Amino acid sequence: MDTVIMKADAPGVVQIAANYIKEGQLVAIPTETVYGLGANGLDENAVAKIFEAKGRPQDNPLILHVADAADIERFCHQIPQSAWVLAKAFWPGPLTMVLPALDIVPKATTAGLPTVAVRCPDCQVTRDIIRAAGVPVAAPSANLSGKPSTTTAEHVYHDHAGKFPLIVDGGSSRVGVESTIIDLTEQPPRLLRPGGITLEQLESILGEVTVDKAVTASVANDEVVKAPGMKYRHYAPQCEVIIVSGSTEAAASFIRSRYQAGERVLCFAEELELYAQCDPLAYGSEADPQTLSAGLFDALRQLDKPGITKVYARCPVGGGIARAVQNRLYKAAGFKSVNAEEEV
Ligand code: AMP
Ligand code: MG
């Protein structure tokens with residue numbers, strides 16, 4: 001089948017996309033976080049196609065996307081007051097809430113869990129498509145399973161051309177990393193994945209928030225985790241990725257003394273000159289971590305090429321959106337890191 005890319009403002013795109021969704025087909029949709037691979041979240045046969053196209057493990061549940069916060073009452077129960085407060089503060093936006101699922105949500109979408117993850121994306125065309133389809137759209141990131149996520153229509157085409165009929169092109173995703181996931185079925189609520197809505201923003205509304213250990217450490221394949229997606233190798237280029245922490249100077253001296261032809265350095269724009277002899281690629285500015293989150297996956301995709309033998313990566317420190325960048329980069333590296341300050 002031909003996969004067509006249609007611009008978000010092309011005439012008729014909302015109805016065309018909505019019709020495919022209603023028919024049980026897949027459509028790639030833009031969002032402010034990353035591009036999603038969407039299907040009718042209430043139709044288990046449609047949802048099965050997402051798993052097939054991505055090569056996604058069956059135990060990794062999907063996020064149900066809604067056009068309006070009020071819709072979550074159709075899919076969730078025992079909704080705490082905090083969910084409505086968070087929705088008012090951060091929806092539409094890059095926050096996913098885990099809540100008890102009603103039976104209407106098929107096991108294919110929740111991967112058999114008693115809970116479902118729900119989100120209202122901050123992307124007008126995608127909310128219009130969901131509304132026109134009249135069903136919630138289940139969508140994980142539109143990358144092939146294990147590969148860096150998709151932040152442009154071209155990324156999606158690269159991974160999936162020929163598998164489904166339509167990619168809606170809304171330009172580059174503004175946030176660039178997947179949504180923050182907060183589990184509201186526990187008290188205190190638990191942060192399962194950091195993203196564009198920061199831990200600090202959540203704490204300002206919820207008070208205490210537990211940070212799940214899978215956010216900052218690797219998880220064994222047989223371990224039971226709250227967000228099943230956390231245990232899989234993720235976001236990774238083909239070659240070894242090593243995070244080099246420490247000061248700008250210490251890291252540069254560590255990397256430059258070991259660098260060999262065929263290797264690459266993933267760094268901050270401010271550091272490009274330091275690595276002039278080491279084939280550097282900047283993914284954003286250290287002074288503006290939002291640019292790092294927006295640029296990370298495109299950079300990881302550029303480094304996912306045969307012939308690149310190793311990537312030395314620089315990672316921002318601190319909280320806020322930098323926490324989401326740390327989480328994705330450490331996962332891409334399989335949590336392999338070295339502190340240049342201790343290695344001189
Ligand atoms: P993706 O959009 O590709 O990042 O995949 C959705 C993410 O949401 C995965 O990491 C899932 O593990 C997580 N997720 C979806 N539903 C649930 C749920 N009911 N409980 C915990 N995590 C969930
Ligand atoms: Mg994903």
# chains A, B, ... in the order shown; residues from 1 in each chain; ligands from 1
$ residues_near_ligand --ligand "ligand 2" --cutoff "9 Å" --atoms "only C-alpha atoms and all ligand atoms" --output "mmCIF file with all heavy atoms, in the first residue's frame"
data_model
loop_
_atom_site.group_PDB
_atom_site.id
_atom_site.type_symbol
_atom_site.label_atom_id
_atom_site.label_comp_id
_atom_site.auth_asym_id
_atom_site.auth_seq_id
_atom_site.Cartn_x
_atom_site.Cartn_y
_atom_site.Cartn_z
ATOM 1 N N VAL A 34 5.773 13.631 20.464
ATOM 2 C CA VAL A 34 6.382 12.951 19.320
ATOM 3 C C VAL A 34 5.214 12.542 18.408
ATOM 4 O O VAL A 34 4.053 12.672 18.789
ATOM 5 C CB VAL A 34 7.179 11.686 19.759
ATOM 6 C CG1 VAL A 34 8.312 12.063 20.706
ATOM 7 C CG2 VAL A 34 6.287 10.629 20.389
ATOM 8 N N GLY A 36 2.622 9.995 16.852
ATOM 9 C CA GLY A 36 2.031 8.765 17.349
ATOM 10 C C GLY A 36 1.524 7.912 16.197
ATOM 11 O O GLY A 36 1.224 8.419 15.109
ATOM 12 N N PRO A 140 0.959 4.759 20.519
ATOM 13 C CA PRO A 140 2.307 4.863 21.080
ATOM 14 C C PRO A 140 3.132 5.734 20.131
ATOM 15 O O PRO A 140 2.629 6.181 19.099
ATOM 16 C CB PRO A 140 2.807 3.421 21.030
ATOM 17 C CG PRO A 140 2.164 2.864 19.791
ATOM 18 C CD PRO A 140 0.859 3.627 19.595
ATOM 19 N N SER A 141 4.393 5.979 20.467
ATOM 20 C CA SER A 141 5.270 6.699 19.554
ATOM 21 C C SER A 141 5.369 5.915 18.240
ATOM 22 O O SER A 141 5.318 4.686 18.236
ATOM 23 C CB SER A 141 6.646 6.865 20.183
ATOM 24 O OG SER A 141 7.152 5.615 20.596
ATOM 25 N N ALA A 142 5.517 6.635 17.115
ATOM 26 C CA ALA A 142 5.373 5.996 15.804
ATOM 27 C C ALA A 142 6.661 5.364 15.278
ATOM 28 O O ALA A 142 6.712 4.951 14.121
ATOM 29 C CB ALA A 142 4.832 7.013 14.798
ATOM 30 N N ASN A 143 7.697 5.266 16.111
ATOM 31 C CA ASN A 143 8.938 4.617 15.696
ATOM 32 C C ASN A 143 8.793 3.093 15.685
ATOM 33 O O ASN A 143 7.884 2.539 16.306
ATOM 34 C CB ASN A 143 10.054 4.972 16.686
ATOM 35 C CG ASN A 143 9.609 4.688 18.111
ATOM 36 O OD1 ASN A 143 8.753 5.397 18.649
ATOM 37 N ND2 ASN A 143 10.134 3.642 18.712
ATOM 38 N N LEU A 144 9.715 2.425 14.995
ATOM 39 C CA LEU A 144 9.841 0.977 15.157
ATOM 40 C C LEU A 144 10.252 0.716 16.601
ATOM 41 O O LEU A 144 11.042 1.473 17.172
ATOM 42 C CB LEU A 144 10.914 0.423 14.218
ATOM 43 C CG LEU A 144 10.555 0.333 12.742
ATOM 44 C CD1 LEU A 144 11.787 -0.024 11.921
ATOM 45 C CD2 LEU A 144 9.446 -0.687 12.515
ATOM 46 N N SER A 145 9.742 -0.348 17.192
ATOM 47 C CA SER A 145 10.024 -0.632 18.595
ATOM 48 C C SER A 145 11.533 -0.671 18.855
ATOM 49 O O SER A 145 12.279 -1.280 18.103
ATOM 50 C CB SER A 145 9.404 -1.981 18.944
ATOM 51 O OG SER A 145 9.032 -1.997 20.280
ATOM 52 N N GLY A 146 11.964 0.018 19.918
ATOM 53 C CA GLY A 146 13.378 0.024 20.285
ATOM 54 C C GLY A 146 14.171 1.158 19.675
ATOM 55 O O GLY A 146 15.230 1.521 20.171
ATOM 56 N N LYS A 147 13.682 1.711 18.575
ATOM 57 C CA LYS A 147 14.407 2.766 17.865
ATOM 58 C C LYS A 147 14.065 4.148 18.435
ATOM 59 O O LYS A 147 13.068 4.307 19.128
ATOM 60 C CB LYS A 147 14.041 2.717 16.380
ATOM 61 C CG LYS A 147 14.656 1.531 15.674
ATOM 62 C CD LYS A 147 16.152 1.653 15.714
ATOM 63 C CE LYS A 147 16.884 0.442 15.207
ATOM 64 N NZ LYS A 147 18.331 0.517 15.482
ATOM 65 N N PRO A 148 14.869 5.164 18.112
ATOM 66 C CA PRO A 148 14.540 6.515 18.587
ATOM 67 C C PRO A 148 13.150 6.939 18.104
ATOM 68 O O PRO A 148 12.735 6.583 17.001
ATOM 69 C CB PRO A 148 15.628 7.389 17.963
ATOM 70 C CG PRO A 148 16.779 6.466 17.708
ATOM 71 C CD PRO A 148 16.149 5.145 17.358
ATOM 72 N N SER A 149 12.452 7.695 18.928
ATOM 73 C CA SER A 149 11.087 8.111 18.595
ATOM 74 C C SER A 149 11.079 9.054 17.400
ATOM 75 O O SER A 149 12.112 9.575 16.981
ATOM 76 C CB SER A 149 10.438 8.779 19.803
ATOM 77 O OG SER A 149 10.432 7.883 20.886
ATOM 78 N N THR A 150 9.874 9.254 16.862
ATOM 79 C CA THR A 150 9.677 10.015 15.628
ATOM 80 C C THR A 150 9.192 11.419 15.953
ATOM 81 O O THR A 150 8.146 11.577 16.586
ATOM 82 C CB THR A 150 8.599 9.294 14.808
ATOM 83 O OG1 THR A 150 7.590 8.828 15.725
ATOM 84 C CG2 THR A 150 9.149 8.099 14.077
ATOM 85 N N GLU A 178 8.576 12.014 24.636
ATOM 86 C CA GLU A 178 7.229 11.549 24.944
ATOM 87 C C GLU A 178 6.711 12.181 26.230
ATOM 88 O O GLU A 178 7.473 12.675 27.050
ATOM 89 C CB GLU A 178 7.197 10.016 25.089
ATOM 90 C CG GLU A 178 7.712 9.256 23.894
ATOM 91 C CD GLU A 178 9.212 9.092 23.920
ATOM 92 O OE1 GLU A 178 9.895 9.853 24.637
ATOM 93 O OE2 GLU A 178 9.702 8.206 23.205
ATOM 94 N N GLY A 229 6.682 -0.247 29.502
ATOM 95 C CA GLY A 229 7.585 0.264 28.481
ATOM 96 C C GLY A 229 8.979 0.569 29.017
ATOM 97 O O GLY A 229 9.949 0.609 28.261
ATOM 98 N N HIS A 234 15.565 1.043 24.491
ATOM 99 C CA HIS A 234 14.742 2.065 23.889
ATOM 100 C C HIS A 234 15.607 3.097 23.232
ATOM 101 O O HIS A 234 16.714 3.357 23.700
ATOM 102 C CB HIS A 234 13.998 2.791 25.018
ATOM 103 C CG HIS A 234 12.525 2.680 24.929
ATOM 104 N ND1 HIS A 234 11.774 2.164 25.943
ATOM 105 C CD2 HIS A 234 11.656 3.028 23.969
ATOM 106 C CE1 HIS A 234 10.506 2.212 25.607
ATOM 107 N NE2 HIS A 234 10.404 2.728 24.414
ATOM 108 N N TYR A 235 15.097 3.729 22.230
ATOM 109 C CA TYR A 235 15.682 4.961 21.704
ATOM 110 C C TYR A 235 17.091 4.779 21.159
ATOM 111 O O TYR A 235 17.800 5.744 20.920
ATOM 112 C CB TYR A 235 15.749 6.059 22.788
ATOM 113 C CG TYR A 235 14.553 6.149 23.680
ATOM 114 C CD1 TYR A 235 14.671 6.076 25.062
ATOM 115 C CD2 TYR A 235 13.286 6.343 23.136
ATOM 116 C CE1 TYR A 235 13.556 6.177 25.886
ATOM 117 C CE2 TYR A 235 12.181 6.447 23.953
ATOM 118 C CZ TYR A 235 12.319 6.357 25.321
ATOM 119 O OH TYR A 235 11.229 6.461 26.126
#
$ residues_around --residues "A:Gln302" --least-positions-apart "5" --cutoff "12 Å" --atoms "only C-alpha atoms" --output "PDB file with N, CA, C and O atoms, in the first residue's frame"
ATOM      1  N   LYS A 147      13.682   1.711  18.575  1.00  0.00           N
ATOM      2  CA  LYS A 147      14.407   2.766  17.865  1.00  0.00           C
ATOM      3  C   LYS A 147      14.065   4.148  18.435  1.00  0.00           C
ATOM      4  O   LYS A 147      13.068   4.307  19.128  1.00  0.00           O
ATOM      5  N   PRO A 148      14.869   5.164  18.112  1.00  0.00           N
ATOM      6  CA  PRO A 148      14.540   6.515  18.587  1.00  0.00           C
ATOM      7  C   PRO A 148      13.150   6.939  18.104  1.00  0.00           C
ATOM      8  O   PRO A 148      12.735   6.583  17.001  1.00  0.00           O
ATOM      9  N   THR A 150       9.874   9.254  16.862  1.00  0.00           N
ATOM     10  CA  THR A 150       9.677  10.015  15.628  1.00  0.00           C
ATOM     11  C   THR A 150       9.192  11.419  15.953  1.00  0.00           C
ATOM     12  O   THR A 150       8.146  11.577  16.586  1.00  0.00           O
ATOM     13  N   HIS A 155      10.449  11.048   9.657  1.00  0.00           N
ATOM     14  CA  HIS A 155      10.894   9.936  10.513  1.00  0.00           C
ATOM     15  C   HIS A 155       9.904   8.768  10.421  1.00  0.00           C
ATOM     16  O   HIS A 155      10.301   7.606  10.338  1.00  0.00           O
ATOM     17  N   ALA A 236      17.547   3.542  20.979  1.00  0.00           N
ATOM     18  CA  ALA A 236      18.972   3.310  20.819  1.00  0.00           C
ATOM     19  C   ALA A 236      19.428   3.241  19.370  1.00  0.00           C
ATOM     20  O   ALA A 236      18.840   2.532  18.564  1.00  0.00           O
ATOM     21  N   PRO A 237      20.514   3.974  19.036  1.00  0.00           N
ATOM     22  CA  PRO A 237      21.182   3.735  17.760  1.00  0.00           C
ATOM     23  C   PRO A 237      21.810   2.334  17.767  1.00  0.00           C
ATOM     24  O   PRO A 237      21.902   1.701  18.817  1.00  0.00           O
ATOM     25  N   GLN A 238      22.256   1.866  16.582  1.00  0.00           N
ATOM     26  CA  GLN A 238      22.815   0.505  16.490  1.00  0.00           C
ATOM     27  C   GLN A 238      24.076   0.340  17.324  1.00  0.00           C
ATOM     28  O   GLN A 238      24.348  -0.723  17.853  1.00  0.00           O
ATOM     29  N   CYS A 239      24.891   1.398  17.405  1.00  0.00           N
ATOM     30  CA  CYS A 239      26.203   1.241  18.035  1.00  0.00           C
ATOM     31  C   CYS A 239      26.139   1.531  19.536  1.00  0.00           C
ATOM     32  O   CYS A 239      25.122   1.974  20.057  1.00  0.00           O
ATOM     33  N   ARG A 264      31.534   9.078  16.925  1.00  0.00           N
ATOM     34  CA  ARG A 264      30.877  10.384  16.856  1.00  0.00           C
ATOM     35  C   ARG A 264      30.733  10.947  18.277  1.00  0.00           C
ATOM     36  O   ARG A 264      30.726  10.194  19.259  1.00  0.00           O
ATOM     37  N   VAL A 265      30.580  12.262  18.354  1.00  0.00           N
ATOM     38  CA  VAL A 265      30.330  12.907  19.644  1.00  0.00           C
ATOM     39  C   VAL A 265      28.994  13.643  19.552  1.00  0.00           C
ATOM     40  O   VAL A 265      28.792  14.469  18.658  1.00  0.00           O
ATOM     41  N   LEU A 266      28.069  13.289  20.445  1.00  0.00           N
ATOM     42  CA  LEU A 266      26.773  13.966  20.534  1.00  0.00           C
ATOM     43  C   LEU A 266      26.899  14.988  21.661  1.00  0.00           C
ATOM     44  O   LEU A 266      27.037  14.607  22.835  1.00  0.00           O
ATOM     45  N   PRO A 280      31.591  15.889  15.547  1.00  0.00           N
ATOM     46  CA  PRO A 280      30.536  16.161  16.536  1.00  0.00           C
ATOM     47  C   PRO A 280      29.165  16.421  15.893  1.00  0.00           C
ATOM     48  O   PRO A 280      29.080  16.820  14.739  1.00  0.00           O
ATOM     49  N   LEU A 281      28.120  16.180  16.662  1.00  0.00           N
ATOM     50  CA  LEU A 281      26.754  16.518  16.259  1.00  0.00           C
ATOM     51  C   LEU A 281      26.102  17.175  17.477  1.00  0.00           C
ATOM     52  O   LEU A 281      26.024  16.557  18.545  1.00  0.00           O
ATOM     53  N   ALA A 282      25.650  18.423  17.322  1.00  0.00           N
ATOM     54  CA  ALA A 282      24.989  19.105  18.439  1.00  0.00           C
ATOM     55  C   ALA A 282      23.495  18.837  18.368  1.00  0.00           C
ATOM     56  O   ALA A 282      22.912  18.838  17.282  1.00  0.00           O
ATOM     57  N   TYR A 283      22.864  18.576  19.536  1.00  0.00           N
ATOM     58  CA  TYR A 283      21.411  18.349  19.518  1.00  0.00           C
ATOM     59  C   TYR A 283      20.632  19.484  20.141  1.00  0.00           C
ATOM     60  O   TYR A 283      19.394  19.420  20.195  1.00  0.00           O
ATOM     61  N   GLY A 295      15.577  18.383  20.077  1.00  0.00           N
ATOM     62  CA  GLY A 295      16.512  17.891  19.064  1.00  0.00           C
ATOM     63  C   GLY A 295      17.046  16.485  19.278  1.00  0.00           C
ATOM     64  O   GLY A 295      17.702  15.927  18.398  1.00  0.00           O
ATOM     65  N   LEU A 296      16.765  15.905  20.465  1.00  0.00           N
ATOM     66  CA  LEU A 296      17.430  14.647  20.828  1.00  0.00           C
ATOM     67  C   LEU A 296      17.143  13.494  19.859  1.00  0.00           C
ATOM     68  O   LEU A 296      18.054  12.819  19.379  1.00  0.00           O
ATOM     69  N   PHE A 297      15.862  13.249  19.556  1.00  0.00           N
ATOM     70  CA  PHE A 297      15.554  12.049  18.771  1.00  0.00           C
ATOM     71  C   PHE A 297      16.016  12.173  17.324  1.00  0.00           C
ATOM     72  O   PHE A 297      16.474  11.191  16.732  1.00  0.00           O
ATOM     73  N   GLY A 307      28.398   1.824  10.239  1.00  0.00           N
ATOM     74  CA  GLY A 307      29.673   2.534  10.038  1.00  0.00           C
ATOM     75  C   GLY A 307      30.033   3.415  11.215  1.00  0.00           C
ATOM     76  O   GLY A 307      31.195   3.729  11.431  1.00  0.00           O
ATOM     77  N   ILE A 308      29.024   3.826  12.003  1.00  0.00           N
ATOM     78  CA  ILE A 308      29.332   4.581  13.231  1.00  0.00           C
ATOM     79  C   ILE A 308      29.598   3.542  14.329  1.00  0.00           C
ATOM     80  O   ILE A 308      28.760   2.686  14.594  1.00  0.00           O
ATOM     81  N   VAL A 311      29.293   6.196  20.077  1.00  0.00           N
ATOM     82  CA  VAL A 311      28.871   7.583  20.281  1.00  0.00           C
ATOM     83  C   VAL A 311      29.206   7.983  21.721  1.00  0.00           C
ATOM     84  O   VAL A 311      28.779   7.305  22.669  1.00  0.00           O
TER      85      VAL A 311
END
$ atom_distance --atom1 "atom 2 (O, counted along the ligand's line) of ligand 1" --atom2 "atom CA of A:Ala227"
10.8 Å
$ select_by_dssp --residues "stretch 227-325 of chain A" --states "strand (DSSP E)" --output "MDAnalysis selection string"
chainID A and resid 240:245 263:267 280:282 310:313
$ residues_near_ligand --ligand "ligand 1" --cutoff "10 Å" --atoms "only C-alpha atoms and all ligand atoms" --output "PyMOL selection string"
chain A and resi 33-37+54+56+59-64+96-101+109-118+138-146+149+177-185+191-193+225-232+234
$ residues_around --residues "A:Glu73" --least-positions-apart "3" --cutoff "12 Å" --atoms "only C-alpha atoms" --output "list in words"
Val66, Asp68, Ala69, Ala70, Cys76, His77, Gln78, Ile79, Pro80, Ala83, Trp84, Leu99, Pro100, Ala101, Leu102, Ile104, Val105, Val116, Val118 and Pro136 of chain A
$ write_last_selection --atoms "C-alpha atoms" --output "compact mmCIF listing (two decimals), in the first residue's frame"
# COMPACT_ATOMS: atom_id res chain seq x y z
CA VAL A 66 -8.86 12.11 23.97
CA ASP A 68 -11.49 16.79 25.76
CA ALA A 69 -10.71 16.15 29.41
CA ALA A 70 -14.36 15.27 30.14
CA CYS A 76 -11.82 5.48 33.46
CA HIS A 77 -13.44 5.17 36.88
CA GLN A 78 -12.51 6.12 40.45
CA ILE A 79 -11.11 9.34 38.99
CA PRO A 80 -9.54 11.32 41.85
CA ALA A 83 -6.84 14.23 37.88
CA TRP A 84 -9.27 17.06 37.16
CA LEU A 99 -6.23 5.69 36.04
CA PRO A 100 -8.42 2.62 36.69
CA ALA A 101 -9.84 1.41 33.34
CA LEU A 102 -13.50 0.73 32.57
CA ILE A 104 -15.03 -0.70 27.53
CA VAL A 105 -11.25 -0.35 27.05
CA VAL A 116 -5.37 2.82 31.33
CA VAL A 118 -4.99 8.81 29.07
CA PRO A 136 -10.40 7.70 21.52
$ residues_around --residues "A:Ser82" --least-positions-apart "3" --cutoff "9 Å" --atoms "only C-alpha atoms" --output "list of chain:residue names"
A:Ile79, A:Val85, A:Leu86, A:Ala87, A:Leu184, A:Ile205, A:Leu206
$ closest_residue --among "A:Asp169, A:Asp298, A:Glu342, A:Asp288" --to "A:Thr151" --atoms "only C-alpha atoms"
A:Asp298
$ closest_residue --among "A:Pro289, A:Pro94, A:Pro57, A:Gly171" --to "A:Met6" --atoms "only C-alpha atoms"
A:Gly171
$ closest_residue --among "A:Lys163, A:Pro11, A:Ala313, A:Lys107" --to "A:Gln58" --atoms "only C-alpha atoms"
A:Lys107
$ atom_distance --atom1 "atom CA of A:Ala333" --atom2 "atom CA of A:Glu273"
23.8 Å
$ residues_around --residues "stretch 25-27 of chain A" --least-positions-apart "2" --cutoff "9 Å" --atoms "only C-alpha atoms" --output "list in words"
Ala17, Ala18, Asn19, Tyr20, Ile21, Lys22, Glu23, Ile29, Gly36, Leu37, Gly38, Ala39, Asn40, Ala46, Val47, Lys49, Ile50, Lys163, Phe164, Pro165, Leu166, Ile167 and Val168 of chain A
$ residues_around --residues "stretch 322-331 of chain A" --least-positions-apart "5" --cutoff "8 Å" --atoms "only C-alpha atoms" --output "number ranges by chain"
A: 177, 193-196, 198, 215-216, 218, 233-236, 243, 289-290, 292-293, 296, 315-317, 336-337
$ write_last_selection --atoms "N, CA, C and O atoms" --output "short mmCIF file (atom, residue, chain, number, x, y, z; two decimals), in the first residue's frame"
data_model
loop_
_atom_site.label_atom_id
_atom_site.label_comp_id
_atom_site.auth_asym_id
_atom_site.auth_seq_id
_atom_site.Cartn_x
_atom_site.Cartn_y
_atom_site.Cartn_z
N VAL A 177 10.18 14.94 23.21
CA VAL A 177 10.24 13.66 23.95
C VAL A 177 8.81 13.30 24.37
O VAL A 177 7.94 14.17 24.45
N ARG A 193 7.36 8.29 34.03
CA ARG A 193 8.24 8.72 32.94
C ARG A 193 8.29 10.25 32.95
O ARG A 193 7.25 10.89 32.96
N PRO A 194 9.51 10.84 32.97
CA PRO A 194 9.60 12.30 32.93
C PRO A 194 9.39 12.80 31.50
O PRO A 194 9.69 12.10 30.53
N GLY A 195 8.85 14.01 31.37
CA GLY A 195 8.58 14.56 30.03
C GLY A 195 8.40 16.06 30.11
O GLY A 195 8.93 16.71 31.02
N GLY A 196 7.62 16.59 29.18
CA GLY A 196 7.47 18.04 29.04
C GLY A 196 6.81 18.73 30.22
O GLY A 196 7.05 19.91 30.46
N THR A 198 7.03 18.97 33.98
CA THR A 198 8.15 18.57 34.83
C THR A 198 7.69 18.06 36.19
O THR A 198 6.57 18.35 36.65
N VAL A 215 12.87 5.30 36.26
CA VAL A 215 13.17 6.59 35.61
C VAL A 215 14.68 6.82 35.55
O VAL A 215 15.19 7.39 34.60
N THR A 216 15.39 6.34 36.58
CA THR A 216 16.82 6.66 36.66
C THR A 216 17.74 5.44 36.66
O THR A 216 18.95 5.60 36.70
N SER A 218 18.41 1.13 35.21
CA SER A 218 17.97 0.11 34.26
C SER A 218 17.16 -0.94 35.00
O SER A 218 17.32 -1.16 36.21
N ARG A 233 14.89 -2.00 25.98
CA ARG A 233 15.90 -1.15 25.39
C ARG A 233 15.18 -0.20 24.45
O ARG A 233 14.28 -0.60 23.72
N HIS A 234 15.56 1.04 24.49
CA HIS A 234 14.74 2.06 23.89
C HIS A 234 15.61 3.10 23.23
O HIS A 234 16.71 3.36 23.70
N TYR A 235 15.10 3.73 22.23
CA TYR A 235 15.68 4.96 21.70
C TYR A 235 17.09 4.78 21.16
O TYR A 235 17.80 5.74 20.92
N ALA A 236 17.55 3.54 20.98
CA ALA A 236 18.97 3.31 20.82
C ALA A 236 19.43 3.24 19.37
O ALA A 236 18.84 2.53 18.56
N ILE A 243 27.62 7.79 27.86
CA ILE A 243 27.45 9.16 28.34
C ILE A 243 28.70 9.56 29.11
O ILE A 243 29.17 8.82 29.98
N PRO A 289 17.71 23.87 27.80
CA PRO A 289 17.45 22.42 27.74
C PRO A 289 16.24 22.05 26.88
O PRO A 289 16.16 20.93 26.37
N GLN A 290 15.30 22.98 26.70
CA GLN A 290 14.15 22.70 25.84
C GLN A 290 14.62 22.37 24.41
O GLN A 290 14.05 21.52 23.73
N LEU A 292 17.36 20.90 23.71
CA LEU A 292 17.94 19.55 23.76
C LEU A 292 16.84 18.50 23.65
O LEU A 292 16.98 17.51 22.94
N SER A 293 15.72 18.73 24.35
CA SER A 293 14.63 17.75 24.26
C SER A 293 14.03 17.76 22.85
O SER A 293 13.73 16.71 22.28
N LEU A 296 16.77 15.90 20.47
CA LEU A 296 17.43 14.65 20.83
C LEU A 296 17.14 13.49 19.86
O LEU A 296 18.05 12.82 19.38
N CYS A 315 25.26 14.98 28.34
CA CYS A 315 23.89 14.98 28.86
C CYS A 315 23.71 16.15 29.81
O CYS A 315 24.58 16.40 30.65
N PRO A 316 22.59 16.88 29.72
CA PRO A 316 22.41 18.01 30.64
C PRO A 316 22.19 17.52 32.07
O PRO A 316 21.71 16.41 32.27
N VAL A 317 22.53 18.36 33.06
CA VAL A 317 22.27 18.02 34.46
C VAL A 317 21.08 18.85 34.96
O VAL A 317 20.65 19.78 34.29
N LYS A 336 24.94 3.17 30.31
CA LYS A 336 26.40 3.15 30.33
C LYS A 336 26.91 4.58 30.41
O LYS A 336 26.61 5.40 29.54
N SER A 337 27.67 4.89 31.47
CA SER A 337 28.17 6.26 31.60
C SER A 337 29.51 6.26 32.31
O SER A 337 29.85 5.31 33.03
#
$ residues_around --residues "A:Glu249" --least-positions-apart "5" --cutoff "10 Å" --atoms "only C-alpha atoms" --output "PDB file with all heavy atoms, in the first residue's frame"
ATOM      1  N   PHE A 254      38.751  13.894  28.140  1.00  0.00           N
ATOM      2  CA  PHE A 254      38.499  12.436  28.162  1.00  0.00           C
ATOM      3  C   PHE A 254      38.179  11.917  26.759  1.00  0.00           C
ATOM      4  O   PHE A 254      38.765  10.945  26.279  1.00  0.00           O
ATOM      5  CB  PHE A 254      37.333  12.130  29.114  1.00  0.00           C
ATOM      6  CG  PHE A 254      36.939  10.678  29.171  1.00  0.00           C
ATOM      7  CD1 PHE A 254      37.513   9.827  30.109  1.00  0.00           C
ATOM      8  CD2 PHE A 254      35.995  10.161  28.285  1.00  0.00           C
ATOM      9  CE1 PHE A 254      37.153   8.479  30.153  1.00  0.00           C
ATOM     10  CE2 PHE A 254      35.640   8.813  28.325  1.00  0.00           C
ATOM     11  CZ  PHE A 254      36.215   7.978  29.266  1.00  0.00           C
ATOM     12  N   GLU A 271      29.608  23.260  22.659  1.00  0.00           N
ATOM     13  CA  GLU A 271      30.832  22.447  22.713  1.00  0.00           C
ATOM     14  C   GLU A 271      31.356  22.047  21.339  1.00  0.00           C
ATOM     15  O   GLU A 271      32.377  21.357  21.245  1.00  0.00           O
ATOM     16  CB  GLU A 271      30.557  21.160  23.518  1.00  0.00           C
ATOM     17  CG  GLU A 271      30.165  21.422  24.961  1.00  0.00           C
ATOM     18  CD  GLU A 271      29.839  20.131  25.712  1.00  0.00           C
ATOM     19  OE1 GLU A 271      29.354  19.167  25.074  1.00  0.00           O
ATOM     20  OE2 GLU A 271      30.065  20.089  26.925  1.00  0.00           O
ATOM     21  N   LEU A 274      35.059  22.452  20.510  1.00  0.00           N
ATOM     22  CA  LEU A 274      35.963  21.590  21.287  1.00  0.00           C
ATOM     23  C   LEU A 274      36.158  20.230  20.622  1.00  0.00           C
ATOM     24  O   LEU A 274      37.166  19.572  20.806  1.00  0.00           O
ATOM     25  CB  LEU A 274      35.380  21.352  22.686  1.00  0.00           C
ATOM     26  CG  LEU A 274      35.504  22.466  23.706  1.00  0.00           C
ATOM     27  CD1 LEU A 274      34.684  22.110  24.942  1.00  0.00           C
ATOM     28  CD2 LEU A 274      36.978  22.643  24.084  1.00  0.00           C
ATOM     29  N   ALA A 340      34.001  11.853  33.621  1.00  0.00           N
ATOM     30  CA  ALA A 340      35.324  12.234  33.115  1.00  0.00           C
ATOM     31  C   ALA A 340      36.197  12.817  34.227  1.00  0.00           C
ATOM     32  O   ALA A 340      37.420  12.721  34.182  1.00  0.00           O
ATOM     33  CB  ALA A 340      35.164  13.244  31.986  1.00  0.00           C
ATOM     34  N   GLU A 341      35.567  13.386  35.267  1.00  0.00           N
ATOM     35  CA  GLU A 341      36.326  14.003  36.356  1.00  0.00           C
ATOM     36  C   GLU A 341      37.120  12.938  37.136  1.00  0.00           C
ATOM     37  O   GLU A 341      38.109  13.235  37.774  1.00  0.00           O
ATOM     38  CB  GLU A 341      35.400  14.714  37.335  1.00  0.00           C
ATOM     39  CG  GLU A 341      34.319  15.525  36.661  1.00  0.00           C
ATOM     40  CD  GLU A 341      34.502  17.016  36.817  1.00  0.00           C
ATOM     41  OE1 GLU A 341      35.342  17.415  37.625  1.00  0.00           O
ATOM     42  OE2 GLU A 341      33.794  17.753  36.114  1.00  0.00           O
TER      43      GLU A 341
END
$ select_by_dssp --residues "stretch 233-318 of chain A" --states "helix (DSSP H, G or I)" --output "PyMOL selection string"
chain A and resi 248-258+269-275+289-302
